[in-house]
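A.B. asks: Next comes the structure file query-v7.pdb, holding PDB, C-alpha atoms.
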MODEL        1
ATOM      1  CA  MET A   1       4.210  15.063   4.496
ATOM      2  CA  ALA A   2       5.000  14.547   0.854
ATOM      3  CA  ILE A   3       4.651  11.516  -1.390
ATOM      4  CA  ALA A   4       7.611  10.587  -3.581
ATOM      5  CA  TYR A   5       7.361   9.527  -7.199
ATOM      6  CA  LYS A   6       9.703   8.732 -10.033
ATOM      7  CA  ILE A   7       9.117   9.088 -13.748
ATOM      8  CA  VAL A   8       8.743   5.875 -15.751
ATOM      9  CA  ALA A   9       8.424   5.336 -19.483
ATOM     10  CA  LYS A  10       5.753   2.898 -20.663
ATOM     11  CA  LYS A  11       4.420   1.666 -23.962
ATOM     12  CA  ASN A  12       0.763   0.837 -24.401
ATOM     13  CA  PRO A  13       0.661  -3.005 -24.193
ATOM     14  CA  THR A  14      -2.417  -3.134 -26.437
ATOM     15  CA  ASP A  15      -0.713  -0.974 -29.095
ATOM     16  CA  PRO A  16       2.981  -1.909 -29.400
ATOM     17  CA  ASP A  17       3.449   0.580 -32.256
ATOM     18  CA  SER A  18       2.428   3.556 -30.135
ATOM     19  CA  GLY A  19       5.095   5.782 -28.726
ATOM     20  CA  VAL A  20       6.361   5.828 -25.179
ATOM     21  CA  LYS A  21       4.506   7.921 -22.612
ATOM     22  CA  TYR A  22       5.866   9.026 -19.250
ATOM     23  CA  TYR A  23       4.021   8.526 -15.975
ATOM     24  CA  PRO A  24       4.635   9.305 -12.313
ATOM     25  CA  ARG A  25       5.014   6.098 -10.270
ATOM     26  CA  LEU A  26       4.738   6.423  -6.495
ATOM     27  CA  VAL A  27       7.772   5.031  -4.694
ATOM     28  CA  THR A  28       8.525   4.025  -1.137
ATOM     29  CA  MET A  29      11.267   6.031   0.500
ATOM     30  CA  GLY A  30      13.258   4.989   3.533
ATOM     31  CA  ASN A  31      12.756   1.896   5.599
ATOM     32  CA  THR A  32       9.497   0.003   5.805
ATOM     33  CA  LYS A  33       7.579   0.554   9.026
ATOM     34  CA  THR A  34       7.757  -2.593  11.114
ATOM     35  CA  LEU A  35       5.267  -3.826  13.678
ATOM     36  CA  GLU A  36       7.675  -2.595  16.361
ATOM     37  CA  ASP A  37       7.609   0.902  14.815
ATOM     38  CA  ILE A  38       3.800   0.928  14.724
ATOM     39  CA  ILE A  39       3.589  -0.309  18.326
ATOM     40  CA  TYR A  40       5.951   2.464  19.421
ATOM     41  CA  ASP A  41       3.968   5.108  17.494
ATOM     42  CA  ILE A  42       0.685   3.958  19.079
ATOM     43  CA  LYS A  43       2.295   3.917  22.525
ATOM     44  CA  GLU A  44       3.421   7.519  22.048
ATOM     45  CA  MET A  45      -0.134   8.543  21.071
ATOM     46  CA  SER A  46      -1.917   6.763  23.934
ATOM     47  CA  SER A  47      -1.636   5.662  27.537
ATOM     48  CA  LEU A  48      -1.241   1.994  26.584
ATOM     49  CA  SER A  49       1.950   0.047  27.154
ATOM     50  CA  GLU A  50       3.898  -1.637  24.362
ATOM     51  CA  GLY A  51       2.861  -5.033  25.798
ATOM     52  CA  ASP A  52      -0.824  -4.086  25.765
ATOM     53  CA  ILE A  53      -0.616  -2.910  22.151
ATOM     54  CA  ARG A  54       1.335  -6.005  21.054
ATOM     55  CA  SER A  55      -1.273  -8.247  22.692
ATOM     56  CA  VAL A  56      -4.190  -6.431  21.074
ATOM     57  CA  LEU A  57      -2.585  -6.587  17.621
ATOM     58  CA  ALA A  58      -1.708 -10.284  17.975
ATOM     59  CA  ASN A  59      -5.251 -11.109  19.099
ATOM     60  CA  PHE A  60      -6.716  -8.944  16.350
ATOM     61  CA  THR A  61      -4.791 -10.731  13.605
ATOM     62  CA  GLU A  62      -5.766 -14.143  14.990
ATOM     63  CA  CYS A  63      -9.450 -13.170  15.173
ATOM     64  CA  MET A  64      -9.319 -11.727  11.657
ATOM     65  CA  ARG A  65      -7.676 -14.902  10.309
ATOM     66  CA  ARG A  66     -10.379 -17.053  11.921
ATOM     67  CA  ALA A  67     -13.167 -14.895  10.483
ATOM     68  CA  LEU A  68     -11.663 -14.968   6.984
ATOM     69  CA  TYR A  69     -11.132 -18.736   7.147
ATOM     70  CA  ASN A  70     -14.812 -19.095   8.117
ATOM     71  CA  SER A  71     -15.933 -17.321   4.908
ATOM     72  CA  GLN A  72     -16.636 -14.006   6.632
ATOM     73  CA  SER A  73     -15.406 -10.596   5.611
ATOM     74  CA  VAL A  74     -13.941  -8.304   8.269
ATOM     75  CA  ASN A  75     -15.124  -4.685   8.238
ATOM     76  CA  ILE A  76     -13.166  -2.300  10.432
ATOM     77  CA  ASP A  77     -15.092   0.976  10.516
ATOM     78  CA  GLY A  78     -13.006   3.862   9.257
ATOM     79  CA  PHE A  79     -10.289   1.521   7.962
ATOM     80  CA  GLY A  80     -11.682  -0.933   5.424
ATOM     81  CA  VAL A  81     -12.920  -4.400   4.577
ATOM     82  CA  PHE A  82     -10.833  -7.569   4.355
ATOM     83  CA  SER A  83     -12.058 -10.605   2.424
ATOM     84  CA  LEU A  84     -10.691 -13.685   0.667
ATOM     85  CA  SER A  85     -10.626 -14.399  -3.048
ATOM     86  CA  ALA A  86      -9.382 -17.394  -4.999
ATOM     87  CA  ARG A  87      -7.500 -17.787  -8.233
ATOM     88  CA  SER A  88      -8.605 -20.971  -9.910
ATOM     89  CA  LYS A  89      -8.496 -23.034 -13.063
ATOM     90  CA  GLY A  90     -11.670 -22.879 -15.130
ATOM     91  CA  ALA A  91     -13.784 -25.942 -15.830
ATOM     92  CA  GLU A  92     -15.906 -26.818 -18.830
ATOM     93  CA  SER A  93     -19.010 -27.496 -16.718
ATOM     94  CA  PRO A  94     -20.222 -26.859 -13.141
ATOM     95  CA  LYS A  95     -19.888 -30.590 -12.387
ATOM     96  CA  GLU A  96     -16.150 -30.425 -13.098
ATOM     97  CA  VAL A  97     -15.500 -27.653 -10.544
ATOM     98  CA  GLN A  98     -13.587 -29.025  -7.552
ATOM     99  CA  THR A  99     -11.444 -27.614  -4.783
ATOM    100  CA  ALA A 100      -8.440 -28.930  -6.731
ATOM    101  CA  ASN A 101      -9.198 -26.143  -9.255
ATOM    102  CA  ILE A 102      -8.181 -23.529  -6.655
ATOM    103  CA  ARG A 103      -4.606 -22.439  -7.358
ATOM    104  CA  ALA A 104      -4.158 -19.613  -4.826
ATOM    105  CA  VAL A 105      -6.074 -17.735  -2.142
ATOM    106  CA  ARG A 106      -5.479 -14.056  -1.499
ATOM    107  CA  ILE A 107      -6.589 -11.547   1.095
ATOM    108  CA  ASN A 108      -8.266  -8.521  -0.491
ATOM    109  CA  PHE A 109      -8.471  -5.120   1.170
ATOM    110  CA  ARG A 110     -10.871  -2.334   0.218
ATOM    111  CA  ALA A 111     -10.009   0.896   2.005
ATOM    112  CA  SER A 112     -12.801   2.891   3.595
ATOM    113  CA  THR A 113     -13.437   6.398   2.333
ATOM    114  CA  ARG A 114     -11.914   7.720   5.565
ATOM    115  CA  ILE A 115      -8.393   6.562   4.647
ATOM    116  CA  ARG A 116      -8.740   6.408   0.860
ATOM    117  CA  PRO A 117      -6.516   9.008  -0.825
ATOM    118  CA  ASP A 118      -8.395  12.122  -1.938
ATOM    119  CA  LEU A 119      -6.597  14.482  -4.321
ATOM    120  CA  ASP A 120      -9.255  17.148  -3.683
ATOM    121  CA  ALA A 121      -9.119  17.045   0.139
ATOM    122  CA  LYS A 122     -10.150  20.324   1.778
ATOM    123  CA  ASN A 123      -8.661  19.608   5.225
ATOM    124  CA  PRO A 124      -4.995  20.736   5.247
ATOM    125  CA  ALA A 125      -3.990  17.606   7.210
ATOM    126  CA  ASP A 126      -5.450  15.410   4.442
ATOM    127  CA  LYS A 127      -3.917  17.219   1.464
ATOM    128  CA  MET A 128      -1.329  15.269  -0.485
ATOM    129  CA  THR A 129       1.739  16.836  -1.991
ATOM    130  CA  PHE A 130       4.077  15.059  -4.353
ATOM    131  CA  TYR A 131       7.739  15.424  -5.227
ATOM    132  CA  ASN A 132      10.002  13.868  -7.818
ATOM    133  CA  ALA A 133      12.362  11.668  -5.785
ATOM    134  CA  GLU A 134      14.940  11.588  -8.574
ATOM    135  CA  GLN A 135      15.103  15.390  -8.785
ATOM    136  CA  GLN A 136      15.197  15.627  -4.988
ATOM    137  CA  ALA A 137      18.214  13.299  -4.928
ATOM    138  CA  ASP A 138      19.988  15.430  -7.551
ATOM    139  CA  ALA A 139      19.209  18.743  -5.838
ATOM    140  CA  PRO A 140      22.130  20.687  -4.312
ATOM    141  CA  ALA A 141      22.650  20.327  -0.570
ATOM    142  CA  GLU A 142      20.760  22.827   1.588
ATOM    143  CA  ASP A 143      23.996  24.641   2.469
ATOM    144  CA  GLY A 144      24.266  25.649  -1.189
ATOM    145  CA  GLY A 145      26.993  23.162  -2.089
ATOM    146  CA  THR A 146      26.807  19.964  -4.057
ATOM    147  CA  ASP A 147      28.072  16.521  -3.221
ATOM    148  CA  GLU A 148      31.438  15.724  -4.745
ATOM    149  CA  GLY A 149      31.354  13.577  -7.841
ATOM    150  CA  GLU A 150      27.929  14.764  -8.935
ATOM    151  CA  GLY A 151      27.730  16.625 -12.167
ATOM    152  CA  GLY A 152      25.052  18.323 -14.143
ATOM    153  CA  ASP A 153      22.110  20.375 -13.060
ATOM    154  CA  GLY A 154      19.829  17.570 -11.931
ATOM    155  CA  ALA A 155      17.595  17.861 -14.988
ATOM    156  CA  MET A 156      16.138  14.735 -16.478
TER     157      MET A 156
ENDMDL
END
Just dump the structure as structure tokens.
C.D. replies:
Amino acid sequence: MAIAYKIVAKKNPTDPDSGVKYYPRLVTMGNTKTLEDIIYDIKEMSSLSEGDIRSVLANFTECMRRALYNSQSVNIDGFGVFSLSARSKGAESPKEVQTANIRAVRINFRASTRIRPDLDAKNPADKMTFYNAEQQADAPAEDGGTDEGEGGDGAM
């Protein structure tokens, strides 16, 4: 498996006079995996039915929502920790702080070390490789030909 990136030019926002630098930005390729896709993948890896998996995931999300809404974090071993945070308007004194100051509530996720990306992974199954998606798109077809209408050598 390889991770796609594209090259983006950025200026330093704290130093507008500095020159542009180029960075790799990871991009999503293809369609987003849906819940149906995940259910099917789990079904293929286990002896559970699609209905069983759908029920477990629906119950899991409801239980997680309840825990979060009761001021608890949710720690799923080997996956990560979910918790809530709030964006709010500041007040001049503690007495002025009210729930009306809360502007938005977000769910935070902190990945466990088990799934966190590791550029120095030793296990071949955990190693990440990267490719430039823009160069890949410009590359000649595998049969040695090029698509009609494309010109140039694919260089950036």
A.B. asks: Could you check which residues have any atom within 7 Å of (10.4, 11.4, -7.2), counting all atoms listed in the file with coordinates taken straight from the file, and then list them as a ChimeraX atom specification?
C.D. replies: /A:4-6,131-136
A.B. asks: Could you jot down the atom CA of Ala2 of chain A to atom CA of Glu36 of chain A separation for me, Å, one decimal place?
C.D. replies: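 Pair atom CA of Ala2 of chain A / atom CA of Glu36 of chain A returns 23.3 Å.
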A.B. asks: Can you tell me which residues surround Ile107 of chain A at a distance of at most 10 Å, considering only C-alpha atoms, apart from same-chain residues fewer than 4 positions away, and format the answer as a list in words?
C.D. replies: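 Selected residues are Arg65, Leu68, Ser73, Phe82, Ser83, Leu84, Ser85 and Ala86 of chain A.
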A.B. asks: Can you spit out the residues from that selection as a short mmCIF file (atom, residue, chain, number, x, y, z; two decimals), in the coordinates of the input, using C-alpha atoms?
C.D. replies:
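Produced file out-v8.cif, reproduced below:
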data_model
loop_
_atom_site.label_atom_id
_atom_site.label_comp_id
_atom_site.auth_asym_id
_atom_site.auth_seq_id
_atom_site.Cartn_x
_atom_site.Cartn_y
_atom_site.Cartn_z
CA ARG A 65 -7.68 -14.90 10.31
CA LEU A 68 -11.66 -14.97 6.98
CA SER A 73 -15.41 -10.60 5.61
CA PHE A 82 -10.83 -7.57 4.36
CA SER A 83 -12.06 -10.60 2.42
CA LEU A 84 -10.69 -13.68 0.67
CA SER A 85 -10.63 -14.40 -3.05
CA ALA A 86 -9.38 -17.39 -5.00
#
A.B. asks: Tell me, in Å to one decimal, how far atom CA of Arg103 of chain A is from atom CA of Ser71 of chain A.
C.D. replies: 17.5 Å
A.B. asks: Counting all atoms listed in the file, which residue out of A:Ser46, A:Thr28, A:Ser18, A:Thr113 sits closest to Ile76 of chain A?
C.D. replies: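 Selected residue with least distance to Ile76 of chain A: A:Thr113.
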A.B. asks: As a check of understanding, name the residues that the PyMOL selection byres ((chain A and resi 80) around 7) selects in the supplied structure, as a PyMOL selection string.
C.D. replies: chain A and resi 75-79+81-82+109-112
A.B. asks: Can you tell me which residues surround Lys43 of chain A at a distance of at most 9 Å, considering all atoms listed in the file, apart from same-chain residues fewer than 6 positions away, and format the answer as a VMD selection string?
C.D. replies: chain A and resid 49 to 50 53
A.B. asks: Using the chain letters and numbers from the file, which residues does the PyMOL selection byres ((chain A and resi 101) around 6) grab, as a list in words?
C.D. replies: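 For this structure, the PyMOL selection byres ((chain A and resi 101) around 6) resolves to Ser88, Lys89, Gln98, Thr99, Ala100 and Ile102 of chain A.
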A.B. asks: Report, in Å with one decimal, the straight-line distance from atom CA of Asn59 of chain A to atom CA of Leu35 of chain A.
C.D. replies: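 Computing it gives 13.9 Å between the two atoms.
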A.B. asks: For Arg54 of chain A, which residue out of A:Arg25, A:Arg66, A:Ile39, A:Arg114 is the nearest one, using all atoms listed in the file?
C.D. replies: A:Ile39
